[in-house]
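Participant: Compact mmCIF, C-alpha atoms, file coords.txt:
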```txt
# COMPACT_ATOMS: atom_id res chain seq x y z
CA MET A 496 16.44 -7.04 15.16
CA LEU A 497 14.64 -10.03 13.68
CA ARG A 498 16.75 -13.18 13.72
CA PRO A 499 17.67 -14.39 10.22
CA ILE A 500 15.17 -16.75 8.58
CA ARG A 501 16.70 -19.77 6.86
CA THR A 502 16.92 -19.37 3.11
CA LEU A 503 14.71 -21.84 1.23
CA ALA A 504 16.44 -24.06 -1.29
CA ALA A 505 15.49 -23.14 -4.83
CA ALA A 506 13.98 -26.54 -5.51
CA ALA A 507 11.84 -26.38 -2.40
CA ALA A 508 10.61 -22.83 -3.03
CA ALA A 509 8.47 -23.81 -5.99
CA LEU A 510 7.01 -26.73 -4.07
CA LEU A 511 6.17 -24.51 -1.13
CA LEU A 512 4.37 -22.06 -3.39
CA ALA A 513 2.43 -24.80 -5.11
CA THR A 514 1.32 -26.36 -1.82
CA ALA A 515 0.93 -23.23 0.31
CA CYS A 516 -2.79 -23.60 0.84
CA ASN A 517 -2.67 -27.28 1.83
CA SER A 518 0.38 -27.00 4.05
CA ALA A 519 -0.95 -23.87 5.75
CA SER A 520 -4.13 -25.58 6.82
CA THR A 521 -2.25 -28.47 8.40
CA GLY A 522 0.74 -26.63 9.88
CA GLY A 523 1.73 -27.37 13.44
CA THR A 524 1.61 -23.79 14.75
CA SER A 525 -2.11 -23.07 14.77
CA GLN A 526 -3.42 -21.73 18.03
CA LYS A 527 -5.79 -24.21 19.70
CA PRO A 528 -8.19 -23.71 22.59
CA GLY A 529 -6.24 -23.88 25.83
CA ASP A 530 -2.89 -23.06 24.22
CA SER A 531 -0.92 -20.03 25.28
CA VAL A 532 -1.50 -17.20 22.84
CA ARG A 533 1.21 -17.08 20.20
CA GLY A 534 3.23 -13.87 20.51
CA VAL A 535 1.48 -12.59 23.64
CA THR A 536 3.00 -12.58 27.13
CA ALA A 537 1.92 -10.85 30.31
CA ASP A 538 3.65 -7.66 29.23
CA THR A 539 4.45 -7.87 25.47
CA ILE A 540 2.84 -8.38 22.07
CA LYS A 541 5.22 -9.61 19.38
CA VAL A 542 4.71 -8.18 15.89
CA GLY A 543 6.71 -8.49 12.65
CA GLY A 544 6.51 -7.05 9.16
CA ILE A 545 7.06 -8.02 5.51
CA VAL A 546 8.18 -5.28 3.12
CA SER A 547 9.80 -5.09 -0.33
CA MET A 548 13.00 -3.31 0.68
CA THR A 549 15.05 -4.40 -2.33
CA THR A 550 13.81 -5.01 -5.87
CA ALA A 551 15.24 -5.74 -9.30
CA SER A 552 14.21 -2.28 -10.52
CA GLY A 553 15.77 -0.48 -7.56
CA TYR A 554 12.38 0.60 -6.19
CA SER A 555 12.22 0.27 -2.41
CA LYS A 556 9.52 0.41 0.25
CA LYS A 557 12.08 0.30 3.07
CA ASP A 558 10.69 3.39 4.82
CA THR A 559 7.51 1.39 5.50
CA ASP A 560 9.50 -0.14 8.34
CA LEU A 561 10.41 3.29 9.76
CA GLY A 562 6.77 4.34 9.70
CA ALA A 563 5.74 1.23 11.63
CA ARG A 564 8.55 1.72 14.15
CA ALA A 565 7.44 5.31 14.70
CA ARG A 566 3.85 4.32 15.50
CA TYR A 567 4.79 1.39 17.73
CA ALA A 568 7.31 3.55 19.59
CA ARG A 569 4.62 6.10 20.43
CA ALA A 570 2.26 3.35 21.56
CA ASN A 571 4.94 2.03 23.91
CA ALA A 572 5.75 5.52 25.19
CA GLU A 573 2.07 5.94 26.04
CA GLY A 574 2.01 2.74 28.10
CA GLY A 575 1.49 0.11 25.43
CA ILE A 576 -1.76 -1.63 24.55
CA ASN A 577 -3.77 -2.47 27.65
CA GLY A 578 -0.54 -2.65 29.63
CA ARG A 579 1.45 -4.63 27.08
CA ARG A 580 4.46 -3.25 25.22
CA ILE A 581 4.72 -3.87 21.47
CA GLU A 582 7.81 -5.93 20.67
CA TYR A 583 8.28 -5.00 17.01
CA LEU A 584 10.82 -7.27 15.33
CA GLY A 585 11.17 -5.13 12.21
CA ALA A 586 10.29 -6.07 8.65
CA GLU A 587 11.55 -8.97 6.55
CA ASP A 588 12.59 -8.07 2.99
CA ASP A 589 10.72 -10.17 0.41
CA GLY A 590 12.47 -8.58 -2.59
CA GLN A 591 9.10 -8.67 -4.41
CA ASP A 592 9.67 -12.42 -4.75
CA PRO A 593 6.68 -14.72 -4.04
CA ALA A 594 8.90 -17.46 -2.59
CA ARG A 595 10.59 -15.00 -0.22
CA ASN A 596 7.24 -13.52 0.76
CA LEU A 597 5.94 -16.94 1.77
CA ALA A 598 9.22 -17.80 3.49
CA ALA A 599 9.05 -14.57 5.50
CA ALA A 600 5.48 -15.31 6.57
CA ARG A 601 6.41 -18.84 7.64
CA GLY A 602 9.47 -17.67 9.52
CA LEU A 603 7.61 -14.97 11.42
CA VAL A 604 4.94 -17.42 12.55
CA GLN A 605 6.81 -20.70 12.98
CA GLN A 606 10.17 -19.40 14.23
CA GLU A 607 9.51 -15.95 15.69
CA ARG A 608 6.00 -16.81 16.93
CA VAL A 609 4.51 -13.38 16.22
CA PHE A 610 0.95 -12.52 17.15
CA ALA A 611 0.53 -10.27 14.11
CA VAL A 612 2.16 -9.10 10.89
CA ALA A 613 1.90 -5.34 10.45
CA PRO A 614 2.98 -3.92 8.07
CA MET A 615 2.80 -6.11 4.96
CA SER A 616 3.62 -4.05 1.85
CA SER A 617 4.64 -5.67 -1.45
CA VAL A 618 3.37 -6.30 -4.97
CA THR A 619 3.27 -10.01 -4.10
CA PHE A 620 1.50 -11.69 -1.19
CA ALA A 621 2.20 -15.40 -1.60
CA GLY A 622 2.09 -15.74 2.19
CA ALA A 623 -1.53 -14.61 2.44
CA ASP A 624 -3.15 -18.07 2.52
CA PHE A 625 -0.64 -19.26 5.09
CA LEU A 626 -1.13 -16.26 7.40
CA ASP A 627 -4.92 -16.47 7.17
CA ALA A 628 -4.93 -20.22 7.81
CA GLN A 629 -2.65 -19.72 10.82
CA ARG A 630 -5.03 -17.00 12.06
CA VAL A 631 -2.40 -14.28 12.12
CA PRO A 632 -3.88 -10.75 12.15
CA THR A 633 -2.17 -9.05 9.21
CA VAL A 634 -2.38 -5.38 8.21
CA GLY A 635 -0.87 -3.72 5.16
CA TRP A 636 -1.46 -1.78 1.97
CA GLY A 637 -4.53 -3.39 0.42
CA THR A 638 -3.43 -3.20 -3.20
CA LEU A 639 -3.79 -6.95 -3.80
CA PRO A 640 -6.87 -9.22 -3.84
CA SER A 641 -5.60 -11.04 -0.74
CA PHE A 642 -6.65 -8.00 1.33
CA CYS A 643 -10.24 -8.41 0.15
CA GLY A 644 -12.06 -11.19 1.94
CA PRO A 645 -9.71 -13.31 4.12
CA LYS A 646 -10.84 -13.15 7.74
CA HIS A 647 -7.53 -12.17 9.34
CA ILE A 648 -6.12 -9.80 6.69
CA TYR A 649 -6.83 -6.04 6.69
CA GLY A 650 -5.88 -3.12 4.46
CA PHE A 651 -4.95 0.00 6.41
CA ASN A 652 -7.23 1.97 4.08
CA GLY A 653 -9.47 -0.92 3.16
CA CYS A 654 -9.68 -3.30 0.22
CA LEU A 655 -8.40 -1.48 -2.87
CA VAL A 656 -8.68 -4.32 -5.41
CA PRO A 657 -12.06 -5.91 -4.75
CA MET A 658 -13.57 -8.99 -6.30
CA PRO A 659 -16.98 -8.85 -8.02
CA GLY A 660 -19.60 -7.91 -5.47
CA GLY A 661 -17.30 -5.41 -3.77
CA THR A 662 -16.85 -1.71 -4.42
CA LEU A 663 -14.30 0.62 -6.02
CA ASN A 664 -12.65 3.72 -4.58
CA GLN A 665 -13.31 6.66 -6.94
CA THR A 666 -10.66 9.04 -5.58
CA TRP A 667 -8.42 8.83 -8.65
CA PRO A 668 -11.10 9.20 -11.38
CA GLU A 669 -12.98 11.93 -9.51
CA GLY A 670 -9.75 13.73 -8.62
CA LEU A 671 -8.55 13.80 -12.23
CA ALA A 672 -12.00 14.90 -13.35
CA ALA A 673 -11.61 17.89 -11.03
CA VAL A 674 -8.16 18.64 -12.50
CA LEU A 675 -9.53 18.49 -16.07
CA GLY A 676 -12.67 20.51 -15.37
CA GLY A 677 -14.92 17.48 -15.66
CA ALA A 678 -14.74 14.01 -17.18
CA ARG A 679 -17.32 14.46 -19.91
CA GLY A 680 -15.68 14.26 -23.33
CA LYS A 681 -12.26 13.52 -21.78
CA SER A 682 -10.13 10.47 -22.56
CA VAL A 683 -7.64 8.60 -20.41
CA ALA A 684 -4.98 5.97 -21.14
CA LEU A 685 -4.02 3.38 -18.49
CA LEU A 686 -0.73 1.45 -18.44
CA ALA A 687 0.49 -1.15 -15.95
CA ASN A 688 3.05 -3.93 -15.47
CA ASP A 689 2.30 -7.44 -16.69
CA ASN A 690 1.88 -8.93 -13.21
CA ASP A 691 -1.11 -9.72 -11.00
CA ALA A 692 -1.20 -6.26 -9.45
CA GLY A 693 -1.07 -4.63 -12.89
CA THR A 694 -3.80 -6.84 -14.32
CA PHE A 695 -6.13 -6.13 -11.41
CA GLY A 696 -5.25 -2.44 -11.55
CA ILE A 697 -6.19 -2.20 -15.21
CA ARG A 698 -9.44 -4.01 -14.59
CA THR A 699 -10.52 -1.91 -11.64
CA PHE A 700 -9.42 1.50 -12.92
CA THR A 701 -10.95 0.89 -16.35
CA GLN A 702 -14.29 0.45 -14.62
CA GLY A 703 -13.69 3.37 -12.24
CA PHE A 704 -12.69 5.89 -14.90
CA THR A 705 -15.54 4.78 -17.15
CA ALA A 706 -18.04 5.19 -14.30
CA ALA A 707 -16.72 8.71 -13.66
CA GLY A 708 -17.51 9.65 -17.26
CA PHE A 709 -14.13 9.25 -18.98
CA GLN A 710 -13.52 7.48 -22.28
CA VAL A 711 -10.82 4.88 -21.57
CA SER A 712 -8.91 4.97 -24.85
CA TYR A 713 -6.13 2.57 -23.85
CA ALA A 714 -5.80 0.06 -21.01
CA LYS A 715 -3.02 -2.54 -20.95
CA ALA A 716 -0.98 -4.44 -18.37
CA ALA A 717 1.88 -4.83 -20.81
CA VAL A 718 5.15 -3.51 -19.35
CA PRO A 719 7.57 -6.25 -18.18
CA ALA A 720 7.54 -6.35 -14.39
CA THR A 721 10.99 -7.89 -14.05
CA SER A 722 13.06 -5.40 -16.05
CA LEU A 723 12.82 -1.76 -17.09
CA PRO A 724 12.28 -1.18 -20.80
CA SER A 725 15.21 0.56 -22.48
CA ASP A 726 12.88 1.82 -25.23
CA TRP A 727 9.40 3.11 -24.41
CA SER A 728 8.44 3.98 -27.98
CA ALA A 729 6.25 0.91 -28.48
CA TYR A 730 4.04 2.07 -25.61
CA THR A 731 4.11 5.81 -26.26
CA LYS A 732 3.20 5.44 -29.97
CA GLU A 733 0.09 3.43 -29.09
CA ILE A 734 -0.90 5.75 -26.26
CA LEU A 735 -0.48 8.95 -28.29
CA ARG A 736 -2.79 7.63 -31.03
CA SER A 737 -5.29 5.91 -28.75
CA ALA A 738 -8.00 8.61 -28.59
CA GLY A 739 -9.28 8.39 -32.16
CA GLY A 740 -5.82 9.00 -33.57
CA LYS A 741 -5.06 11.72 -31.03
CA ALA A 742 -3.38 11.83 -27.64
CA PRO A 743 -5.63 11.21 -24.61
CA ASP A 744 -6.34 14.01 -22.16
CA ALA A 745 -4.64 12.06 -19.35
CA VAL A 746 -2.16 9.21 -19.07
CA VAL A 747 -2.36 7.18 -15.87
CA SER A 748 0.53 4.92 -14.90
CA ILE A 749 -0.28 2.12 -12.46
CA MET A 750 3.41 1.37 -11.93
CA GLN A 751 6.33 2.05 -9.62
CA THR A 752 8.72 5.00 -9.73
CA PRO A 753 11.48 3.71 -12.08
CA TYR A 754 8.85 2.79 -14.68
CA ASN A 755 7.03 6.10 -14.27
CA ILE A 756 10.23 8.05 -14.81
CA GLY A 757 10.90 6.17 -18.05
CA LEU A 758 7.34 6.44 -19.34
CA PHE A 759 6.80 10.10 -18.48
CA THR A 760 10.19 11.12 -19.88
CA ALA A 761 9.38 9.36 -23.15
CA LEU A 762 5.93 10.96 -23.37
CA LYS A 763 7.29 14.45 -22.73
CA ARG A 764 10.00 13.98 -25.35
CA ALA A 765 7.30 12.92 -27.80
CA GLY A 766 5.54 16.24 -27.17
CA TYR A 767 2.74 15.10 -24.89
CA ARG A 768 1.13 18.03 -23.03
CA GLY A 769 -1.77 16.34 -21.26
CA VAL A 770 -2.14 15.33 -17.61
CA LEU A 771 0.19 12.67 -16.23
CA SER A 772 -0.68 10.78 -13.07
CA ASP A 773 0.55 7.85 -10.95
CA PRO A 774 0.00 6.40 -7.45
CA THR A 775 3.58 6.17 -6.16
CA ASP A 776 5.75 9.25 -6.76
CA TYR A 777 5.01 11.29 -3.66
CA ASP A 778 8.53 11.29 -2.28
CA PRO A 779 10.70 14.40 -1.75
CA GLY A 780 13.73 12.14 -1.88
CA LEU A 781 13.12 11.69 -5.61
CA LEU A 782 13.76 15.37 -6.21
CA SER A 783 17.48 15.27 -5.48
CA LYS A 784 18.30 14.29 -9.08
CA ASP A 785 17.63 16.77 -11.88
CA ALA A 786 16.57 14.11 -14.41
CA THR A 787 14.08 12.58 -12.00
CA ARG A 788 12.70 15.95 -10.97
CA GLN A 789 12.20 16.93 -14.61
CA ALA A 790 10.53 13.60 -15.46
CA LEU A 791 8.04 13.96 -12.62
CA ASP A 792 7.43 17.71 -12.90
CA GLY A 793 3.72 18.37 -13.36
CA VAL A 794 2.72 14.81 -12.46
CA HIS A 795 -0.41 14.42 -10.34
CA VAL A 796 0.09 11.74 -7.68
CA LEU A 797 -2.79 9.83 -6.11
CA LEU A 798 -2.74 9.71 -2.30
CA GLN A 799 -5.00 7.61 -0.13
CA PHE A 800 -4.17 9.62 2.97
CA GLN A 801 -3.92 13.26 3.98
CA PRO A 802 -1.10 15.06 2.12
CA PHE A 803 1.95 15.93 4.18
CA GLU A 804 1.24 19.56 3.32
CA ALA A 805 -2.02 19.41 5.30
CA ASP A 806 -1.91 21.18 8.67
CA THR A 807 -4.04 18.95 10.88
CA PRO A 808 -3.48 17.57 14.39
CA ALA A 809 -3.13 14.02 13.03
CA MET A 810 -0.54 15.11 10.47
CA ARG A 811 1.43 17.06 13.06
CA GLN A 812 1.48 13.96 15.27
CA PHE A 813 2.65 11.80 12.38
CA LYS A 814 5.51 14.16 11.60
CA ALA A 815 6.56 14.31 15.26
CA ASP A 816 6.53 10.51 15.55
CA ILE A 817 8.60 10.05 12.38
CA ARG A 818 11.12 12.66 13.51
CA LYS A 819 11.53 10.93 16.86
CA ALA A 820 11.92 7.48 15.27
CA ALA A 821 14.54 8.93 12.90
CA GLY A 822 16.69 10.03 15.82
CA GLY A 823 15.40 13.60 15.93
CA LYS A 824 16.22 14.32 12.30
CA ASP A 825 13.83 15.94 9.84
CA VAL A 826 13.92 13.20 7.22
CA PRO A 827 12.09 13.63 3.89
CA LEU A 828 8.61 12.17 4.27
CA ASN A 829 7.21 9.65 1.80
CA MET A 830 4.14 7.52 1.30
CA HIS A 831 5.91 4.33 2.43
CA MET A 832 6.36 5.83 5.90
CA MET A 833 2.61 6.47 5.94
CA THR A 834 1.90 2.89 4.82
CA GLY A 835 3.87 1.47 7.74
CA TYR A 836 2.54 4.03 10.21
CA MET A 837 -1.13 3.50 9.37
CA SER A 838 -0.79 -0.28 9.13
CA ALA A 839 0.56 -0.24 12.68
CA ASP A 840 -2.10 2.26 13.72
CA LEU A 841 -4.99 0.08 12.54
CA PHE A 842 -3.54 -2.97 14.28
CA LEU A 843 -3.04 -1.01 17.51
CA SER A 844 -6.52 0.49 17.40
CA ILE A 845 -8.22 -2.89 17.02
CA ALA A 846 -5.96 -4.55 19.60
CA ALA A 847 -6.78 -1.81 22.10
CA GLN A 848 -10.49 -2.49 21.69
CA ALA A 849 -9.88 -6.24 22.16
CA GLY A 850 -9.07 -5.55 25.81
CA ARG A 851 -6.57 -7.07 28.21
CA ASP A 852 -7.51 -10.65 27.31
CA LEU A 853 -5.85 -10.49 23.89
CA THR A 854 -6.32 -13.57 21.74
CA VAL A 855 -6.94 -14.00 18.03
CA GLU A 856 -10.60 -14.50 18.87
CA SER A 857 -10.85 -11.30 20.91
CA PHE A 858 -8.97 -9.38 18.20
CA GLN A 859 -11.35 -10.66 15.53
CA LYS A 860 -14.37 -9.85 17.68
CA ALA A 861 -13.11 -6.30 18.18
CA ALA A 862 -12.43 -5.95 14.44
CA ALA A 863 -15.98 -7.05 13.64
CA ALA A 864 -17.32 -4.00 15.49
CA PHE A 865 -14.48 -1.55 14.85
CA SER A 866 -14.92 2.00 13.57
CA ASP A 867 -13.35 5.40 14.10
CA ARG A 868 -13.36 8.78 12.39
CA GLY A 869 -11.05 11.52 11.23
CA THR A 870 -7.83 9.53 10.82
CA LEU A 871 -5.10 10.20 8.27
CA VAL A 872 -6.96 7.83 5.91
CA GLY A 873 -10.43 9.13 6.74
CA ASP A 874 -13.18 7.24 8.53
CA ARG A 875 -12.39 3.56 9.12
CA ALA A 876 -14.71 0.62 9.71
CA GLU A 877 -14.37 -3.15 9.79
CA PRO A 878 -15.28 -5.58 8.42
CA ARG A 879 -16.37 -3.14 5.67
CA GLY A 880 -12.68 -2.53 4.97
CA GLN A 881 -12.27 -6.17 3.97
CA LYS A 882 -14.73 -5.65 1.12
CA GLU A 883 -14.19 -2.05 0.04
CA SER A 884 -11.82 0.86 0.52
CA PHE A 885 -12.49 3.65 2.96
CA GLY A 886 -13.01 5.82 -0.12
CA CYS A 887 -10.81 8.77 0.76
CA GLY A 888 -7.85 10.45 -0.89
CA ALA A 889 -6.26 13.45 -2.54
CA LEU A 890 -4.09 14.45 -5.50
CA VAL A 891 -0.82 16.34 -5.18
CA ARG A 892 1.15 17.85 -8.05
CA LEU A 893 4.89 18.29 -8.35
CA LYS A 894 5.56 21.86 -9.53
CA ASN A 895 8.95 23.56 -9.72
CA GLY A 896 10.52 21.03 -7.39
CA ARG A 897 7.80 21.17 -4.71
CA TYR A 898 4.62 19.24 -4.07
CA GLU A 899 1.38 21.17 -3.83
CA ILE A 900 -2.17 20.01 -3.12
CA ALA A 901 -4.04 19.80 -6.42
CA VAL A 902 -7.24 18.18 -5.11
CA PRO A 903 -7.79 18.33 -1.32
CA PHE A 904 -8.28 15.19 0.78
CA ARG A 905 -11.89 14.07 0.79
CA CYS A 906 -14.01 10.93 0.76
CA TYR A 907 -15.94 9.74 -2.27
CA GLU A 908 -18.87 7.37 -2.50
CA PRO A 909 -17.58 4.02 -3.77
CA ILE A 910 -19.19 2.31 -6.74
CA PRO A 911 -20.11 -1.37 -7.14
CA PHE A 912 -17.44 -3.49 -8.80
CA GLY A 913 -18.43 -6.23 -11.18
```
For this file, write the structure as structure tokens.

Facilitator:
Amino acid sequence: MLRPIRTLAAAAAALLLATACNSASTGGTSQKPGDSVRGVTADTIKVGGIVSMTTASGYSKKDTDLGARARYARANAEGGINGRRIEYLGAEDDGQDPARNLAAARGLVQQERVFAVAPMSSVTFAGADFLDAQRVPTVGWGTLPSFCGPKHIYGFNGCLVPMPGGTLNQTWPEGLAAVLGGARGKSVALLANDNDAGTFGIRTFTQGFTAAGFQVSYAKAAVPATSLPSDWSAYTKEILRSAGGKAPDAVVSIMQTPYNIGLFTALKRAGYRGVLSDPTDYDPGLLSKDATRQALDGVHVLLQFQPFEADTPAMRQFKADIRKAAGGKDVPLNMHMMTGYMSADLFLSIAAQAGRDLTVESFQKAAAAFSDRGTLVGDRAEPRGQKESFGCGALVRLKNGRYEIAVPFRCYEPIPFG
């Protein structure tokens, strides 16, 4: 297990956040020519993770760590990477707190001396500038702008929130268009939390749904990110009148599970009969409670990987690896396991191509020419993935307590983002 990282004093946390960029560029742990390679020995490669395992809302990505452990365990069982075993320290919990995210990044590099951070999965990535400045290969779920552009940071399925000049993944708009029999004449309402991820999500999906032919009748990053609303009526009233005084054909929530449950329950109670969709609620563990199962029944969930219901060699391997890492138990699968698994997989695939002489430079050189096909997230290529997503995904629908494939996994041509 990872050794505990010293807790930052509250007064120092704000200062660290404010000076992250400057202090990162002058830190004393940068690898210099002639130095031994941080985190690499003759027979091991040290890797850590950063994951939001606990949050104020109760939402947890803890199974991201299990997914990463499963993939690293298989790599080690197969002989490691070019003869080196992966020493995975586990994931630090950032609690969705920017100060803790930065503290975890600093601790992994300065105290644990990791070569890489994989996975990194959170709605905050305050440690991004530090990790990039320290030249730490970092792989995670590219839902934040920090995964789009920095040299050493990679999204396991590409850059999902690009800056102007990049591209947008059209899986969600095109998938919902297929569900609705076409986008022409159809309206959609978008709702997100009032944080950075929500603001970027509204911006990108407004453009994506518009480009697919939808009328975006409502688009706000307005829901408090730090506490669940006890009354959703202020949001539902606006949404249900947003399409020229009528309800939109689809309501898309760009939020986490506890918020989705509250929003969808309120909409259903208000009589909404249109399509509901979100990007997070693909988790059989959610179905154990009647109220949750009822709230999510009929919801179409966006996936950026092959659905667990798909019968492919890659999916069978994933399931076998997870079962083994879980002590031989058939644990309920969820998207966080896939996030950790594919973050580790991308790191391992690039590191393998870097060869026996593994350094940050050789890793970056391998990444600059990396590509493969037919993975659980589709065809991958770098450095394209630092500017755009890999463009693949599916929609599943919860129906009568079971998930079913609503729109099969496929890849869509991305569109320019501006």

Participant: Considering all atoms listed in the file, state which residue in the set A:Arg764, A:Lys646, A:Lys681, A:Arg736 is at the smallest distance from Ala707 (chain A).

Facilitator: A:Lys681

Participant: Using only C-alpha atoms, which residues sit within 7 Å of region 767-778 of chain A once same-chain residues fewer than 2 positions away are excluded, as a count of residues only?

Facilitator: 21

Participant: Give me the residues near Phe610 (chain A) as a PDB file with C-alpha atoms, in the frame of the given file, where near means some atom within 12 Å (using only C-alpha atoms) and where sequence neighbours in that chain fewer than 4 positions away do not count.

Facilitator:
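Wrote it out as around_39.pdb, contents follow:
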```
ATOM      1  CA  THR A 524       1.610 -23.790  14.750  1.00  0.00           C
ATOM      2  CA  SER A 525      -2.110 -23.070  14.770  1.00  0.00           C
ATOM      3  CA  GLN A 526      -3.420 -21.730  18.030  1.00  0.00           C
ATOM      4  CA  SER A 531      -0.920 -20.030  25.280  1.00  0.00           C
ATOM      5  CA  VAL A 532      -1.500 -17.200  22.840  1.00  0.00           C
ATOM      6  CA  ARG A 533       1.210 -17.080  20.200  1.00  0.00           C
ATOM      7  CA  GLY A 534       3.230 -13.870  20.510  1.00  0.00           C
ATOM      8  CA  VAL A 535       1.480 -12.590  23.640  1.00  0.00           C
ATOM      9  CA  THR A 536       3.000 -12.580  27.130  1.00  0.00           C
ATOM     10  CA  THR A 539       4.450  -7.870  25.470  1.00  0.00           C
ATOM     11  CA  ILE A 540       2.840  -8.380  22.070  1.00  0.00           C
ATOM     12  CA  LYS A 541       5.220  -9.610  19.380  1.00  0.00           C
ATOM     13  CA  VAL A 542       4.710  -8.180  15.890  1.00  0.00           C
ATOM     14  CA  GLY A 543       6.710  -8.490  12.650  1.00  0.00           C
ATOM     15  CA  GLY A 544       6.510  -7.050   9.160  1.00  0.00           C
ATOM     16  CA  ILE A 581       4.720  -3.870  21.470  1.00  0.00           C
ATOM     17  CA  GLU A 582       7.810  -5.930  20.670  1.00  0.00           C
ATOM     18  CA  TYR A 583       8.280  -5.000  17.010  1.00  0.00           C
ATOM     19  CA  LEU A 584      10.820  -7.270  15.330  1.00  0.00           C
ATOM     20  CA  ALA A 600       5.480 -15.310   6.570  1.00  0.00           C
ATOM     21  CA  LEU A 603       7.610 -14.970  11.420  1.00  0.00           C
ATOM     22  CA  VAL A 604       4.940 -17.420  12.550  1.00  0.00           C
ATOM     23  CA  GLN A 605       6.810 -20.700  12.980  1.00  0.00           C
ATOM     24  CA  GLN A 606      10.170 -19.400  14.230  1.00  0.00           C
ATOM     25  CA  LEU A 626      -1.130 -16.260   7.400  1.00  0.00           C
ATOM     26  CA  GLN A 629      -2.650 -19.720  10.820  1.00  0.00           C
ATOM     27  CA  ARG A 630      -5.030 -17.000  12.060  1.00  0.00           C
ATOM     28  CA  VAL A 631      -2.400 -14.280  12.120  1.00  0.00           C
ATOM     29  CA  PRO A 632      -3.880 -10.750  12.150  1.00  0.00           C
ATOM     30  CA  THR A 633      -2.170  -9.050   9.210  1.00  0.00           C
ATOM     31  CA  VAL A 634      -2.380  -5.380   8.210  1.00  0.00           C
ATOM     32  CA  HIS A 647      -7.530 -12.170   9.340  1.00  0.00           C
ATOM     33  CA  PHE A 842      -3.540  -2.970  14.280  1.00  0.00           C
ATOM     34  CA  ALA A 846      -5.960  -4.550  19.600  1.00  0.00           C
ATOM     35  CA  LEU A 853      -5.850 -10.490  23.890  1.00  0.00           C
ATOM     36  CA  THR A 854      -6.320 -13.570  21.740  1.00  0.00           C
ATOM     37  CA  VAL A 855      -6.940 -14.000  18.030  1.00  0.00           C
ATOM     38  CA  GLU A 856     -10.600 -14.500  18.870  1.00  0.00           C
ATOM     39  CA  PHE A 858      -8.970  -9.380  18.200  1.00  0.00           C
TER      40      PHE A 858
END
```

Participant: Using only C-alpha atoms, find the one residue out of A:Ala839, A:Ala849, A:Leu597, A:Ala863 that sits nearest to Ala570 (chain A).

Facilitator: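 Selected residue with least distance to Ala570 (chain A): A:Ala839.
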
Participant: State, in Å with one decimal place, the distance from CA of Gly757 (chain A) to CA of Ala673 (chain A).

Facilitator: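 If I compute the distance from CA of Gly757 (chain A) to CA of Ala673 (chain A), I get 26.3 Å.
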
Participant: What does the distance from CA of Leu841 (chain A) to CA of Gly670 (chain A) come to in Å, to one decimal?

Facilitator: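 These atoms are spaced 25.6 Å apart.
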
Participant: What gap, in Å, lies between CA of Gly850 (chain A) and CA of Ala537 (chain A)?

Facilitator: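 Interatomic distance, CA of Gly850 (chain A) to CA of Ala537 (chain A): 13.0 Å.
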
Participant: With the cut-off set at 8 Å and counting all atoms listed in the file, tabulate each residue of region 839-893 of chain A with an atom at most that distance from an atom of region 898-905 of chain A, showing the nearest atom pair and its distance in Å to one decimal, ordered by chain and increasing number, as a tab-separated table.

Facilitator:
```
residue	atom	partner	partner_atom	distance
A:Gly873	CA	A:Arg905	CA	7.9
A:Cys887	CA	A:Arg905	CA	5.4
A:Gly888	CA	A:Phe904	CA	5.0
A:Ala889	CA	A:Phe904	CA	4.3
A:Leu890	CA	A:Val902	CA	4.9
A:Val891	CA	A:Ile900	CA	4.4
A:Arg892	CA	A:Glu899	CA	5.4
A:Leu893	CA	A:Tyr898	CA	4.4
```

Participant: I'd like to know which of A:Gly644, A:Gly869, A:Gly739, A:Gly585 is closest to Pro659 (chain A), using only C-alpha atoms.

Facilitator: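 The shortest atom-to-atom distance to Pro659 (chain A) comes from A:Gly644.
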
Participant: Show me, as a PyMOL selection string, the residues that have an atom within 10 Å of Ala586 (chain A) when counting all atoms listed in the file, minus same-chain residues fewer than 5 positions from it.

Facilitator: chain A and resi 496-497+542-548+557+559-561+563-564+599+603+612-616+835

Participant: Hey, which of A:Gln801, A:Asn755, A:Gln859, A:Ser682 ends up closest to Ser552 (chain A)? Count all atoms listed in the file.

Facilitator: A:Asn755
